[in-house]
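Dumped work.cif below, it's mmCIF, C-alpha atoms:
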```
data_final
#
loop_
_atom_site.label_atom_id
_atom_site.label_comp_id
_atom_site.auth_asym_id
_atom_site.auth_seq_id
_atom_site.Cartn_x
_atom_site.Cartn_y
_atom_site.Cartn_z
CA MET V 267 -8.93 -4.40 27.85
CA SER V 268 -10.09 -7.92 27.00
CA THR V 269 -13.13 -7.54 29.27
CA ASP V 270 -14.22 -4.34 27.52
CA LEU V 271 -13.60 -5.93 24.14
CA LEU V 272 -15.60 -9.03 25.03
CA CYS V 273 -18.49 -6.99 26.42
CA ARG V 274 -18.59 -5.06 23.16
CA THR V 275 -18.51 -8.36 21.26
CA ALA V 276 -21.30 -9.86 23.38
CA ASP V 277 -23.54 -6.88 22.63
CA ALA V 278 -22.79 -7.07 18.90
CA GLU V 279 -23.46 -10.81 18.82
CA ALA V 280 -26.76 -10.40 20.69
CA ARG V 281 -27.92 -7.76 18.19
CA ALA V 282 -26.74 -9.82 15.23
CA HIS V 283 -28.47 -12.95 16.54
CA VAL V 284 -31.85 -11.40 15.64
CA ARG V 285 -31.07 -11.95 11.93
CA PHE V 286 -31.51 -15.68 12.27
CA GLY V 287 -35.08 -15.37 13.47
CA ALA V 288 -36.29 -13.50 10.39
CA GLY V 289 -38.08 -16.57 9.05
CA GLY V 290 -39.13 -17.87 12.45
CA GLN V 291 -39.45 -16.23 15.85
CA VAL V 292 -37.50 -13.62 17.83
CA ALA V 293 -38.05 -12.81 21.50
CA ARG V 294 -36.24 -10.66 24.07
CA PHE V 295 -36.08 -11.40 27.75
CA GLY V 296 -34.21 -8.54 29.36
CA PRO V 297 -30.54 -8.91 28.29
CA LEU V 298 -31.25 -12.20 26.50
CA VAL V 299 -32.13 -12.36 22.79
CA ALA V 300 -33.68 -15.66 21.67
CA VAL V 301 -34.50 -16.91 18.20
CA SER V 302 -36.16 -19.86 16.56
CA ALA V 303 -34.66 -19.96 13.08
CA ALA V 304 -36.48 -23.12 11.97
CA ARG V 305 -39.82 -22.63 10.26
CA THR V 306 -42.94 -24.13 11.80
CA GLY V 307 -42.87 -27.91 11.58
CA ASP V 308 -39.16 -28.11 10.79
CA ALA V 309 -36.60 -29.67 13.10
CA PRO V 310 -34.76 -27.22 15.41
CA LEU V 311 -31.49 -25.77 14.15
CA PRO V 312 -28.25 -25.13 16.05
CA LEU V 313 -29.09 -21.43 15.65
CA ASP V 314 -32.20 -21.87 17.84
CA THR V 315 -30.56 -20.39 20.91
CA GLY V 316 -30.32 -17.32 23.08
CA TRP V 317 -27.49 -14.79 23.30
CA LEU V 318 -26.75 -12.90 26.51
CA SER V 319 -25.65 -9.29 26.12
CA SER V 320 -23.27 -7.62 28.55
CA GLU V 321 -26.02 -5.41 30.00
CA ARG V 322 -26.51 -7.52 33.14
CA PRO V 323 -27.25 -11.12 34.16
CA PRO V 324 -30.79 -12.35 33.42
CA THR V 325 -33.27 -12.59 36.26
CA GLU V 326 -34.88 -15.85 37.25
CA SER V 327 -38.20 -14.78 35.72
CA GLU V 328 -36.49 -13.80 32.45
CA LEU V 329 -34.83 -17.20 32.27
CA ALA V 330 -38.17 -18.88 32.98
CA ASP V 331 -39.75 -16.92 30.13
CA PHE V 332 -36.87 -17.89 27.83
CA GLU V 333 -37.34 -21.54 28.78
CA ALA V 334 -41.07 -21.31 28.06
CA PHE V 335 -40.33 -19.73 24.66
CA SER V 336 -37.89 -22.53 23.85
CA ALA V 337 -40.43 -25.18 24.87
CA ARG V 338 -43.13 -23.63 22.66
CA GLN V 339 -40.72 -23.78 19.71
CA GLY V 340 -39.82 -27.39 20.43
CA GLN V 341 -36.17 -26.60 21.07
CA ALA V 342 -33.83 -26.93 24.03
CA ALA V 343 -33.22 -23.89 26.26
CA THR V 344 -29.68 -23.18 25.09
CA LEU V 345 -27.84 -19.90 25.49
CA HIS V 346 -24.44 -18.42 24.70
CA LEU V 347 -22.46 -16.01 26.83
CA LEU V 348 -18.90 -14.72 26.87
CA SER V 349 -16.49 -15.37 29.70
CA PRO V 350 -16.76 -11.96 31.48
CA GLN V 351 -20.49 -12.63 31.99
CA ALA V 352 -20.03 -16.08 33.51
CA PRO V 353 -19.25 -15.23 37.17
CA ALA V 354 -22.48 -13.28 37.65
CA ALA V 355 -24.72 -15.57 35.57
CA LEU V 356 -23.40 -18.97 36.62
CA PRO V 357 -25.13 -19.34 40.04
CA LEU V 358 -28.55 -18.70 38.53
CA LEU V 359 -27.92 -20.94 35.52
CA THR V 360 -26.69 -23.89 37.56
CA GLY V 361 -29.52 -23.40 40.02
CA ARG V 362 -32.03 -23.79 37.21
CA GLY V 363 -30.41 -26.93 35.84
CA TYR V 364 -28.20 -25.52 33.07
CA THR V 365 -24.98 -27.35 32.32
CA LEU V 366 -22.02 -26.36 30.19
CA ASP V 367 -22.30 -27.97 26.75
CA PHE V 368 -19.17 -26.72 25.04
CA VAL V 369 -16.59 -23.96 24.91
CA LEU V 370 -15.17 -22.02 21.98
CA HIS V 371 -12.16 -19.75 22.14
CA ALA V 372 -12.87 -16.09 21.33
CA TYR V 373 -10.25 -14.35 19.21
CA ALA V 374 -9.96 -10.71 18.13
CA HIS V 375 -7.91 -8.80 15.54
CA ASP V 376 -7.41 -5.02 15.65
CA LEU V 377 -6.99 -4.93 11.83
CA LYS V 378 -3.84 -2.80 12.06
CA GLU V 379 -1.27 -5.34 10.87
CA ARG V 380 -3.14 -7.65 8.53
CA PRO V 381 -1.70 -10.72 6.81
CA PRO V 382 -0.92 -10.27 3.10
CA LEU V 383 -3.41 -11.46 0.54
CA GLN V 384 -2.61 -14.98 -0.62
CA GLY V 385 -2.25 -16.50 -4.07
CA VAL V 386 -5.44 -18.54 -3.66
CA PRO V 387 -8.27 -16.66 -5.44
CA VAL V 388 -11.11 -15.44 -3.19
CA ARG V 389 -14.32 -13.88 -4.47
CA GLU V 390 -17.46 -12.50 -2.90
CA VAL V 391 -20.61 -14.30 -4.05
CA SER V 392 -24.29 -13.39 -4.07
CA ASP V 393 -25.72 -16.91 -4.28
CA PRO V 394 -26.67 -17.90 -0.71
CA GLU V 395 -27.95 -21.33 -1.73
CA GLY V 396 -24.83 -22.25 -3.68
CA TRP V 397 -22.62 -20.92 -0.88
CA ALA V 398 -24.58 -22.94 1.70
CA THR V 399 -24.29 -26.13 -0.33
CA LEU V 400 -20.52 -25.70 -0.52
CA ALA V 401 -20.27 -24.85 3.20
CA ALA V 402 -22.32 -27.91 4.14
CA GLU V 403 -19.95 -30.10 2.15
CA GLY V 404 -17.18 -28.81 4.38
CA PHE V 405 -19.08 -29.02 7.66
CA GLY V 406 -20.49 -32.47 6.91
CA PRO V 407 -23.84 -34.27 6.52
CA GLY V 408 -26.77 -32.81 8.42
CA THR V 409 -25.57 -29.19 8.21
CA GLU V 410 -27.41 -28.21 5.04
CA ALA V 411 -30.36 -26.49 6.73
CA VAL V 412 -28.30 -24.47 9.19
CA MET V 413 -25.91 -23.30 6.48
CA GLN V 414 -28.87 -22.22 4.36
CA ALA V 415 -30.05 -20.11 7.30
CA VAL V 416 -26.59 -18.64 7.77
CA GLY V 417 -26.16 -17.86 4.09
CA GLN V 418 -29.54 -16.17 3.81
CA ALA V 419 -29.25 -14.06 6.99
CA ALA V 420 -29.63 -10.35 6.23
CA GLY V 421 -26.39 -8.41 5.93
CA THR V 422 -24.12 -11.44 5.69
CA ARG V 423 -21.30 -11.14 3.15
CA LEU V 424 -20.35 -14.45 1.58
CA PHE V 425 -16.93 -15.46 0.20
CA VAL V 426 -15.57 -18.49 -1.65
CA ALA V 427 -11.96 -19.53 -2.19
CA GLU V 428 -10.93 -21.51 -5.26
CA VAL V 429 -8.24 -24.18 -5.59
CA ASP V 430 -7.24 -25.37 -9.06
CA GLY V 431 -10.19 -23.52 -10.55
CA GLN V 432 -12.85 -25.15 -8.36
CA ALA V 433 -14.78 -23.81 -5.37
CA ALA V 434 -12.95 -25.13 -2.34
CA ALA V 435 -13.89 -23.27 0.82
CA THR V 436 -16.34 -20.78 2.31
CA GLY V 437 -16.21 -17.88 4.72
CA ALA V 438 -18.65 -15.20 5.81
CA VAL V 439 -18.57 -11.80 7.52
CA TYR V 440 -21.22 -9.79 9.30
CA LEU V 441 -20.32 -6.17 10.06
CA GLN V 442 -22.06 -4.22 12.81
CA GLY V 443 -20.96 -1.48 15.16
CA GLY V 444 -17.41 -1.55 13.84
CA ILE V 445 -17.02 -5.28 14.53
CA ALA V 446 -16.55 -7.72 11.65
CA ALA V 447 -17.70 -11.13 12.88
CA LEU V 448 -16.06 -13.90 10.84
CA HIS V 449 -17.97 -17.18 10.56
CA GLY V 450 -19.18 -19.81 8.08
CA THR V 451 -15.66 -21.19 7.72
CA ALA V 452 -15.52 -24.58 5.98
CA THR V 453 -13.38 -26.39 3.42
CA ARG V 454 -14.34 -29.30 1.19
CA PRO V 455 -12.50 -32.43 2.41
CA VAL V 456 -10.74 -32.95 -0.93
CA CYS V 457 -9.35 -29.39 -0.83
CA ARG V 458 -8.01 -29.23 2.71
CA GLY V 459 -4.41 -28.32 3.36
CA ARG V 460 -4.22 -26.15 0.22
CA GLY V 461 -4.26 -22.71 1.86
CA ALA V 462 -7.91 -21.88 1.19
CA GLN V 463 -8.72 -20.84 4.74
CA THR V 464 -5.53 -18.82 5.08
CA ALA V 465 -6.56 -16.91 1.95
CA LEU V 466 -10.12 -16.43 3.20
CA LEU V 467 -8.89 -15.03 6.50
CA ALA V 468 -6.58 -12.54 4.82
CA HIS V 469 -9.24 -11.50 2.32
CA ARG V 470 -11.94 -10.99 4.94
CA LEU V 471 -9.65 -9.00 7.22
CA GLN V 472 -8.77 -6.76 4.28
CA TRP V 473 -12.46 -6.41 3.43
CA ALA V 474 -13.32 -5.55 7.06
CA ALA V 475 -10.67 -2.83 7.27
CA GLN V 476 -11.82 -1.28 3.99
CA ALA V 477 -15.44 -1.42 5.18
CA GLY V 478 -14.57 0.70 8.23
CA ALA V 479 -14.36 -1.95 10.96
CA ASP V 480 -11.87 -1.45 13.78
CA LEU V 481 -12.14 -5.01 15.09
CA ALA V 482 -12.61 -8.53 13.71
CA THR V 483 -13.75 -11.43 15.88
CA VAL V 484 -14.02 -15.17 15.46
CA PHE V 485 -14.93 -18.18 17.61
CA VAL V 486 -12.97 -21.40 17.11
CA THR V 487 -12.72 -24.87 18.62
CA PRO V 488 -9.76 -25.09 21.01
CA GLY V 489 -6.82 -26.95 19.51
CA SER V 490 -8.35 -27.13 16.04
CA PRO V 491 -6.72 -26.29 12.68
CA SER V 492 -8.95 -23.20 12.64
CA GLU V 493 -7.33 -22.00 15.87
CA ARG V 494 -3.89 -22.41 14.37
CA ASN V 495 -4.99 -20.51 11.26
CA VAL V 496 -6.40 -17.52 13.14
CA THR V 497 -3.34 -17.33 15.38
CA ARG V 498 -1.07 -17.21 12.34
CA ALA V 499 -3.29 -14.47 10.86
CA GLY V 500 -2.62 -12.23 13.86
CA PHE V 501 -5.70 -12.84 15.99
CA ARG V 502 -5.19 -12.91 19.76
CA LEU V 503 -7.04 -14.98 22.30
CA VAL V 504 -9.29 -12.73 24.42
CA GLY V 505 -11.67 -15.13 26.17
CA MET V 506 -14.23 -17.86 25.69
CA ARG V 507 -17.75 -18.37 24.40
CA LEU V 508 -19.64 -20.65 26.78
CA THR V 509 -22.78 -22.51 25.73
CA PHE V 510 -25.20 -23.72 28.40
CA THR V 511 -28.27 -25.95 27.98
CA ARG V 512 -30.97 -26.67 30.52
CA ARG V 513 -31.48 -30.38 30.96
#
```
This structure in structure tokens:
Amino acid sequence: MSTDLLCRTADAEARAHVRFGAGGQVARFGPLVAVSAARTGDAPLPLDTGWLSSERPPTESELADFEAFSARQGQAATLHLLSPQAPAALPLLTGRGYTLDFVLHAYAHDLKERPPLQGVPVREVSDPEGWATLAAEGFGPGTEAVMQAVGQAAGTRLFVAEVDGQAAATGAVYLQGGIAALHGTATRPVCRGRGAQTALLAHRLQWAAQAGADLATVFVTPGSPSERNVTRAGFRLVGMRLTFTRR
């Protein structure tokens, strides 16, 4: 079951990844979708990566073309894949000099038994720049440009939680193919530990169910407060997101 779920998630993430190249470049190399979100002359962004769908492993020539695309954009050849894809792709990746950069845990929620809405107010906003500024305050210095790109990506729904009447935390959802991908989760340092993220999780899961999704997904850092929050909200661990970069 987890393998099927993760393959479905990989395909949704690969399709959704195209959004981030709207202001830059998008290229497809077989099962691999690559973007350059940064505009010409700007520094590369963490979004400037490739996503591998579940269709099949890439061929050596497709990887070479992806690497050439990355070089032309002035960015590292970095790609994401989910754990069911790793056994088939790993020999080729390691043979071409890719190494594992980091791992995120992949969680899923079937939206059947959702946590109750919390007392912390949550509202949907339509101000991508203001949302991105708030998110960057939570993520830390140097994240302003990437959060602007995330906030402005087509189809992204943006949410803000308030604590004591002030904007405290951000969350986002992108819905495609019945999957609500939760991301953009950040809390201002002065507002942490006040239940803002718990409220944002509950609110977004409720929104996803009402919007017709049958699954919600999220990637979190192993052992982080975010992992504890999603576990308490009823998400279950289904696999890993692996990020490889060619050195």
Translate the PyMOL selection byres ((chain V and resi 498) around 12), as applied to the file shown, into an explicit residue set as an NGL selection string. :V and (373 or 375 or 379-382 or 463-465 or 467-468 or 491-497 or 499-503)
Carefully work through the PyMOL selection byres ((chain V and resi 395-398) around 10) for this structure and note down the residues it includes, as a ChimeraX atom specification. /V:391-394,399-404,409-418,424-426,433,435-438,450
Evaluate the PyMOL selection byres ((chain V and resi 386) around 9) and report residues as an MDAnalysis selection string: chainID V and resid 383:385 387:388 427:430 460:462 464:466
What is the atom CA of Gly361 of chain V-atom CA of Thr325 of chain V distance in Å, reported with one decimal? 12.0 Å
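Here the question is which of V:Gln291, V:Gln341, V:Thr275, V:Gln351 gets nearest to Thr511 of chain V using only C-alpha atoms, and that residue is V:Gln341.
With distances restricted to all atoms listed in the file, V:Thr315 is the closest residue to Glu333 of chain V from V:Thr315, V:Leu356, V:Pro297, V:Ile445.
The space between atom CA of Leu318 of chain V and atom CA of Ala276 of chain V spans 7.0 Å.
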Using only C-alpha atoms, which residues sit within 12 Å of Val369 of chain V once same-chain residues fewer than 6 positions away are excluded, as a PDB file with C-alpha atoms, in the frame of the given file?
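So the final result, stored in out.pdb, reads:
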```pdb
ATOM      1  CA  LEU V 345     -27.840 -19.900  25.490  1.00  0.00           C
ATOM      2  CA  HIS V 346     -24.440 -18.420  24.700  1.00  0.00           C
ATOM      3  CA  LEU V 347     -22.460 -16.010  26.830  1.00  0.00           C
ATOM      4  CA  LEU V 348     -18.900 -14.720  26.870  1.00  0.00           C
ATOM      5  CA  SER V 349     -16.490 -15.370  29.700  1.00  0.00           C
ATOM      6  CA  PHE V 485     -14.930 -18.180  17.610  1.00  0.00           C
ATOM      7  CA  VAL V 486     -12.970 -21.400  17.110  1.00  0.00           C
ATOM      8  CA  THR V 487     -12.720 -24.870  18.620  1.00  0.00           C
ATOM      9  CA  PRO V 488      -9.760 -25.090  21.010  1.00  0.00           C
ATOM     10  CA  GLY V 489      -6.820 -26.950  19.510  1.00  0.00           C
ATOM     11  CA  GLY V 505     -11.670 -15.130  26.170  1.00  0.00           C
ATOM     12  CA  MET V 506     -14.230 -17.860  25.690  1.00  0.00           C
ATOM     13  CA  ARG V 507     -17.750 -18.370  24.400  1.00  0.00           C
ATOM     14  CA  LEU V 508     -19.640 -20.650  26.780  1.00  0.00           C
ATOM     15  CA  THR V 509     -22.780 -22.510  25.730  1.00  0.00           C
ATOM     16  CA  PHE V 510     -25.200 -23.720  28.400  1.00  0.00           C
TER      17      PHE V 510
END
```
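The two atoms in question, atom CA of Ser319 of chain V and atom CA of Ala280 of chain V, are spaced 5.7 Å apart.
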As a compact mmCIF listing (two decimals), keeping the file's coordinate frame, please: segment 431-442 of chain V completed to all heavy atoms.
```
# COMPACT_ATOMS: atom_id res chain seq x y z
N GLY V 431 -9.04 -23.91 -9.74
CA GLY V 431 -10.19 -23.52 -10.55
C GLY V 431 -11.53 -24.01 -10.05
O GLY V 431 -12.55 -23.77 -10.70
N GLN V 432 -11.57 -24.68 -8.90
CA GLN V 432 -12.85 -25.15 -8.36
C GLN V 432 -13.12 -24.56 -6.98
O GLN V 432 -12.18 -24.28 -6.23
CB GLN V 432 -12.88 -26.67 -8.28
CG GLN V 432 -11.85 -27.27 -7.34
CD GLN V 432 -11.99 -28.77 -7.22
OE1 GLN V 432 -13.08 -29.32 -7.31
NE2 GLN V 432 -10.87 -29.47 -7.03
N ALA V 433 -14.40 -24.34 -6.68
CA ALA V 433 -14.78 -23.81 -5.37
C ALA V 433 -14.33 -24.77 -4.29
O ALA V 433 -14.64 -25.97 -4.34
CB ALA V 433 -16.29 -23.60 -5.32
N ALA V 434 -13.58 -24.26 -3.32
CA ALA V 434 -12.95 -25.13 -2.34
C ALA V 434 -13.37 -24.86 -0.90
O ALA V 434 -13.41 -25.79 -0.09
CB ALA V 434 -11.43 -25.01 -2.43
N ALA V 435 -13.65 -23.61 -0.58
CA ALA V 435 -13.89 -23.27 0.82
C ALA V 435 -14.78 -22.04 0.92
O ALA V 435 -14.87 -21.24 -0.01
CB ALA V 435 -12.57 -23.02 1.54
N THR V 436 -15.43 -21.90 2.07
CA THR V 436 -16.34 -20.78 2.31
C THR V 436 -15.93 -19.99 3.54
O THR V 436 -15.28 -20.50 4.45
CB THR V 436 -17.78 -21.27 2.53
OG1 THR V 436 -17.81 -22.12 3.71
CG2 THR V 436 -18.30 -22.03 1.35
N GLY V 437 -16.35 -18.73 3.56
CA GLY V 437 -16.21 -17.88 4.72
C GLY V 437 -17.27 -16.80 4.64
O GLY V 437 -17.75 -16.49 3.55
N ALA V 438 -17.64 -16.25 5.78
CA ALA V 438 -18.65 -15.20 5.81
C ALA V 438 -18.23 -14.11 6.79
O ALA V 438 -17.38 -14.33 7.67
CB ALA V 438 -20.02 -15.77 6.21
N VAL V 439 -18.81 -12.93 6.62
CA VAL V 439 -18.57 -11.80 7.52
C VAL V 439 -19.90 -11.09 7.75
O VAL V 439 -20.69 -10.90 6.82
CB VAL V 439 -17.57 -10.79 6.92
CG1 VAL V 439 -17.30 -9.66 7.93
CG2 VAL V 439 -16.28 -11.44 6.52
N TYR V 440 -20.10 -10.69 9.00
CA TYR V 440 -21.22 -9.79 9.30
C TYR V 440 -20.65 -8.59 10.04
O TYR V 440 -20.00 -8.74 11.08
CB TYR V 440 -22.29 -10.48 10.15
CG TYR V 440 -23.45 -9.56 10.46
CD1 TYR V 440 -24.35 -9.19 9.46
CD2 TYR V 440 -23.65 -9.04 11.74
CE1 TYR V 440 -25.41 -8.34 9.71
CE2 TYR V 440 -24.72 -8.20 12.01
CZ TYR V 440 -25.59 -7.85 10.99
OH TYR V 440 -26.65 -7.00 11.25
N LEU V 441 -20.88 -7.39 9.51
CA LEU V 441 -20.32 -6.17 10.06
C LEU V 441 -21.40 -5.37 10.77
O LEU V 441 -22.44 -5.06 10.19
CB LEU V 441 -19.70 -5.33 8.94
CG LEU V 441 -19.10 -3.97 9.33
CD1 LEU V 441 -17.97 -4.15 10.34
CD2 LEU V 441 -18.61 -3.24 8.10
N GLN V 442 -21.13 -5.03 12.03
CA GLN V 442 -22.06 -4.22 12.81
C GLN V 442 -21.31 -3.52 13.93
O GLN V 442 -20.50 -4.14 14.63
CB GLN V 442 -23.18 -5.08 13.42
CG GLN V 442 -24.18 -4.28 14.25
CD GLN V 442 -25.33 -5.11 14.74
OE1 GLN V 442 -26.45 -4.97 14.27
NE2 GLN V 442 -25.06 -6.00 15.69
```
